[in-house]
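J.: Here's a structure for you.
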Amino acid sequence: MKSLQAQRDQILRQLARLDTMEYGSLRTEHRPAQGGGTTGPYYQHQVWEDGKNLSQRIPAAEAPALQSAVANRQRAEALALEYIAVTVELTRRHADDDASFKKNARPWRRPSLRKSKLS
């Protein structure tokens, strides 16, 4: 149980280090040039807000910081899912430990998703 607690603490430390975040995605595009070849890159930030896809052009100088913020948000979402999974496991182990001390207590089991044979 201590290793799960240490894992949970580590996740929180990783989350604390993510100091910038932004919703959406950053798209890079190149356009065909008149004389051949391409121009660009041009950057476009897209985000869903109020059921609409909002899009805006981003200056090239701002693109690396925005890309980092988008990546940090994606990393935070993954860490949050990991944190939830570890916390659920800790909760279940704690419930099992409590049940082992109680006389006639059954360990907690996930409810079955199968329909009963009585119907």
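Order determines the names: the first chain of the structure tokens is A, the second B, and so forth; residues in each chain are numbered 1 upward, and ligands are numbered 1 upward as they are shown.
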Set the distance at 12 Å and use only C-alpha atoms: which residues neighbour range 65-71 of chain A once local chain neighbours fewer than 4 positions away are removed? I'd like the list as an MDAnalysis selection string.
T.: chainID A and resid 18:28 43:47 57:61 75:78
J.: Tell me which of A:His30, A:Arg17, A:Arg93, A:Arg110 sits closest to Tyr42 in chain A, counting only C-alpha atoms.
T.: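 Looking only at the distances to Tyr42 in chain A, the closest residue turns out to be A:His30.
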J.: Compile the contact shell of range 88-91 of chain A as a list of chain:residue names: residues with an atom at most 8 Å away, counting only C-alpha atoms, same-chain residues fewer than 4 positions apart removed.
T.: A:Met1, A:Leu4, A:Gln5, A:Ile84, A:Ala95
J.: Tell me, which residues of range 1-76 of chain A carry DSSP strand (DSSP E or B), written as a list of chain:residue names?
T.: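 The residues of range 1-76 of chain A classed as strand (DSSP E or B) are A:Ser25, A:Leu26, A:Arg27, A:Thr28, A:Glu29, A:His30, A:Arg31, A:Pro32, A:Thr38, A:Thr39, A:Gly40, A:Pro41, A:Tyr42, A:Tyr43, A:Gln44, A:His45, A:Gln46, A:Val47, A:Trp48, A:Glu49, A:Lys52, A:Asn53, A:Leu54, A:Ser55, A:Gln56, A:Arg57, A:Ile58.
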J.: Restricting the output to C-alpha atoms, write the selected residues as a short mmCIF file (atom, residue, chain, number, x, y, z; two decimals), in the first residue's frame.
T.:
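Resulting contents of part.cif:
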data_model
loop_
_atom_site.label_atom_id
_atom_site.label_comp_id
_atom_site.auth_asym_id
_atom_site.auth_seq_id
_atom_site.Cartn_x
_atom_site.Cartn_y
_atom_site.Cartn_z
CA SER A 25 -4.46 21.76 -30.78
CA LEU A 26 -1.87 23.57 -32.83
CA ARG A 27 -1.80 22.83 -36.52
CA THR A 28 1.03 23.66 -38.89
CA GLU A 29 0.40 24.31 -42.55
CA HIS A 30 2.50 25.09 -45.59
CA ARG A 31 1.05 26.79 -48.63
CA PRO A 32 2.08 26.38 -52.24
CA THR A 38 5.92 26.14 -50.37
CA THR A 39 5.66 29.03 -47.96
CA GLY A 40 5.26 28.79 -44.23
CA PRO A 41 5.00 27.29 -41.77
CA TYR A 42 1.80 28.99 -40.66
CA TYR A 43 0.30 28.07 -37.30
CA GLN A 44 -3.35 27.70 -36.43
CA HIS A 45 -4.73 27.12 -32.92
CA GLN A 46 -8.04 25.23 -32.88
CA VAL A 47 -10.22 24.70 -29.83
CA TRP A 48 -13.82 23.57 -29.23
CA GLU A 49 -15.72 26.13 -27.17
CA LYS A 52 -18.08 25.48 -31.90
CA ASN A 53 -14.64 24.94 -33.39
CA LEU A 54 -12.81 28.24 -32.90
CA SER A 55 -9.69 28.79 -34.92
CA GLN A 56 -7.10 31.55 -34.94
CA ARG A 57 -3.74 32.11 -36.58
CA ILE A 58 -0.74 32.21 -34.27
#
J.: Find the residues around Gln7 in chain A up to 12 Å (only C-alpha atoms counted), leave out those fewer than 2 positions away in its own chain, and share them as a compact mmCIF listing (two decimals) with N, CA, C and O atoms, in the first residue's frame.
T.:
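Produced file out04.txt, reproduced below:
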# COMPACT_ATOMS: atom_id res chain seq x y z
N MET A 1 0.82 -1.18 0.00
CA MET A 1 0.00 0.00 0.00
C MET A 1 0.88 1.26 0.00
O MET A 1 0.51 2.25 -0.59
N LYS A 2 2.06 1.16 0.61
CA LYS A 2 2.94 2.32 0.64
C LYS A 2 3.46 2.66 -0.74
O LYS A 2 3.67 3.83 -1.06
N SER A 3 3.67 1.64 -1.58
CA SER A 3 4.15 1.92 -2.93
C SER A 3 3.08 2.64 -3.75
O SER A 3 3.39 3.50 -4.56
N LEU A 4 1.82 2.30 -3.53
CA LEU A 4 0.74 3.01 -4.23
C LEU A 4 0.65 4.45 -3.76
O LEU A 4 0.44 5.36 -4.55
N GLN A 5 0.83 4.67 -2.47
CA GLN A 5 0.81 6.03 -1.93
C GLN A 5 1.99 6.84 -2.50
O GLN A 5 1.83 7.99 -2.87
N ASP A 9 1.80 10.19 -4.81
CA ASP A 9 2.54 11.41 -4.50
C ASP A 9 3.40 11.85 -5.68
O ASP A 9 3.52 13.04 -5.98
N GLN A 10 4.00 10.88 -6.37
CA GLN A 10 4.82 11.18 -7.54
C GLN A 10 3.97 11.81 -8.66
O GLN A 10 4.41 12.76 -9.31
N ILE A 11 2.78 11.31 -8.84
CA ILE A 11 1.88 11.87 -9.85
C ILE A 11 1.55 13.32 -9.52
O ILE A 11 1.57 14.19 -10.39
N LEU A 12 1.27 13.58 -8.25
CA LEU A 12 0.97 14.96 -7.84
C LEU A 12 2.16 15.89 -8.05
O LEU A 12 1.99 17.04 -8.47
N ARG A 13 3.38 15.40 -7.81
CA ARG A 13 4.57 16.22 -8.05
C ARG A 13 4.72 16.52 -9.54
O ARG A 13 5.07 17.63 -9.92
N GLN A 14 4.44 15.53 -10.38
CA GLN A 14 4.52 15.75 -11.83
C GLN A 14 3.48 16.77 -12.28
O GLN A 14 3.77 17.63 -13.12
N LEU A 79 -2.07 12.15 -16.56
CA LEU A 79 -1.70 11.99 -15.16
C LEU A 79 -2.94 11.93 -14.27
O LEU A 79 -2.96 11.19 -13.28
N GLU A 82 -4.29 8.51 -14.39
CA GLU A 82 -3.40 7.63 -13.61
C GLU A 82 -3.66 7.82 -12.11
O GLU A 82 -3.72 6.85 -11.35
N TYR A 83 -3.81 9.07 -11.69
CA TYR A 83 -4.08 9.39 -10.28
C TYR A 83 -5.38 8.74 -9.83
O TYR A 83 -5.46 8.15 -8.76
N ILE A 84 -6.40 8.82 -10.67
CA ILE A 84 -7.69 8.21 -10.34
C ILE A 84 -7.54 6.70 -10.18
O ILE A 84 -8.04 6.11 -9.22
N ALA A 85 -6.83 6.06 -11.11
CA ALA A 85 -6.66 4.61 -11.05
C ALA A 85 -5.92 4.18 -9.77
O ALA A 85 -6.32 3.21 -9.11
N VAL A 86 -4.87 4.91 -9.41
CA VAL A 86 -4.12 4.58 -8.20
C VAL A 86 -4.97 4.80 -6.96
O VAL A 86 -4.97 3.99 -6.03
N THR A 87 -5.73 5.90 -6.93
CA THR A 87 -6.57 6.19 -5.78
C THR A 87 -7.68 5.17 -5.62
O THR A 87 -8.00 4.74 -4.50
N GLU A 89 -7.48 2.04 -6.56
CA GLU A 89 -6.82 0.83 -6.04
C GLU A 89 -6.54 0.96 -4.54
O GLU A 89 -6.76 0.01 -3.78
N LEU A 90 -6.10 2.14 -4.11
CA LEU A 90 -5.87 2.36 -2.67
C LEU A 90 -7.18 2.24 -1.89
O LEU A 90 -7.20 1.64 -0.81
J.: What is the distance, in Å and to one decimal place, between CA of Pro111 in chain A and CA of Arg8 in chain A?
T.: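 CA of Pro111 in chain A sits 26.0 Å away from CA of Arg8 in chain A.
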J.: Enumerate as a PyMOL selection string all residues of chain A assigned to helix (DSSP H, G or I) by DSSP on the backbone, naming them with the chain letters and numbers the document uses.
T.: chain A and resi 2-17+63-101
J.: What gap, in Å, lies between CA of Ala63 in chain A and CA of Ala33 in chain A?
T.: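 CA of Ala33 in chain A lies 22.0 Å from CA of Ala63 in chain A.
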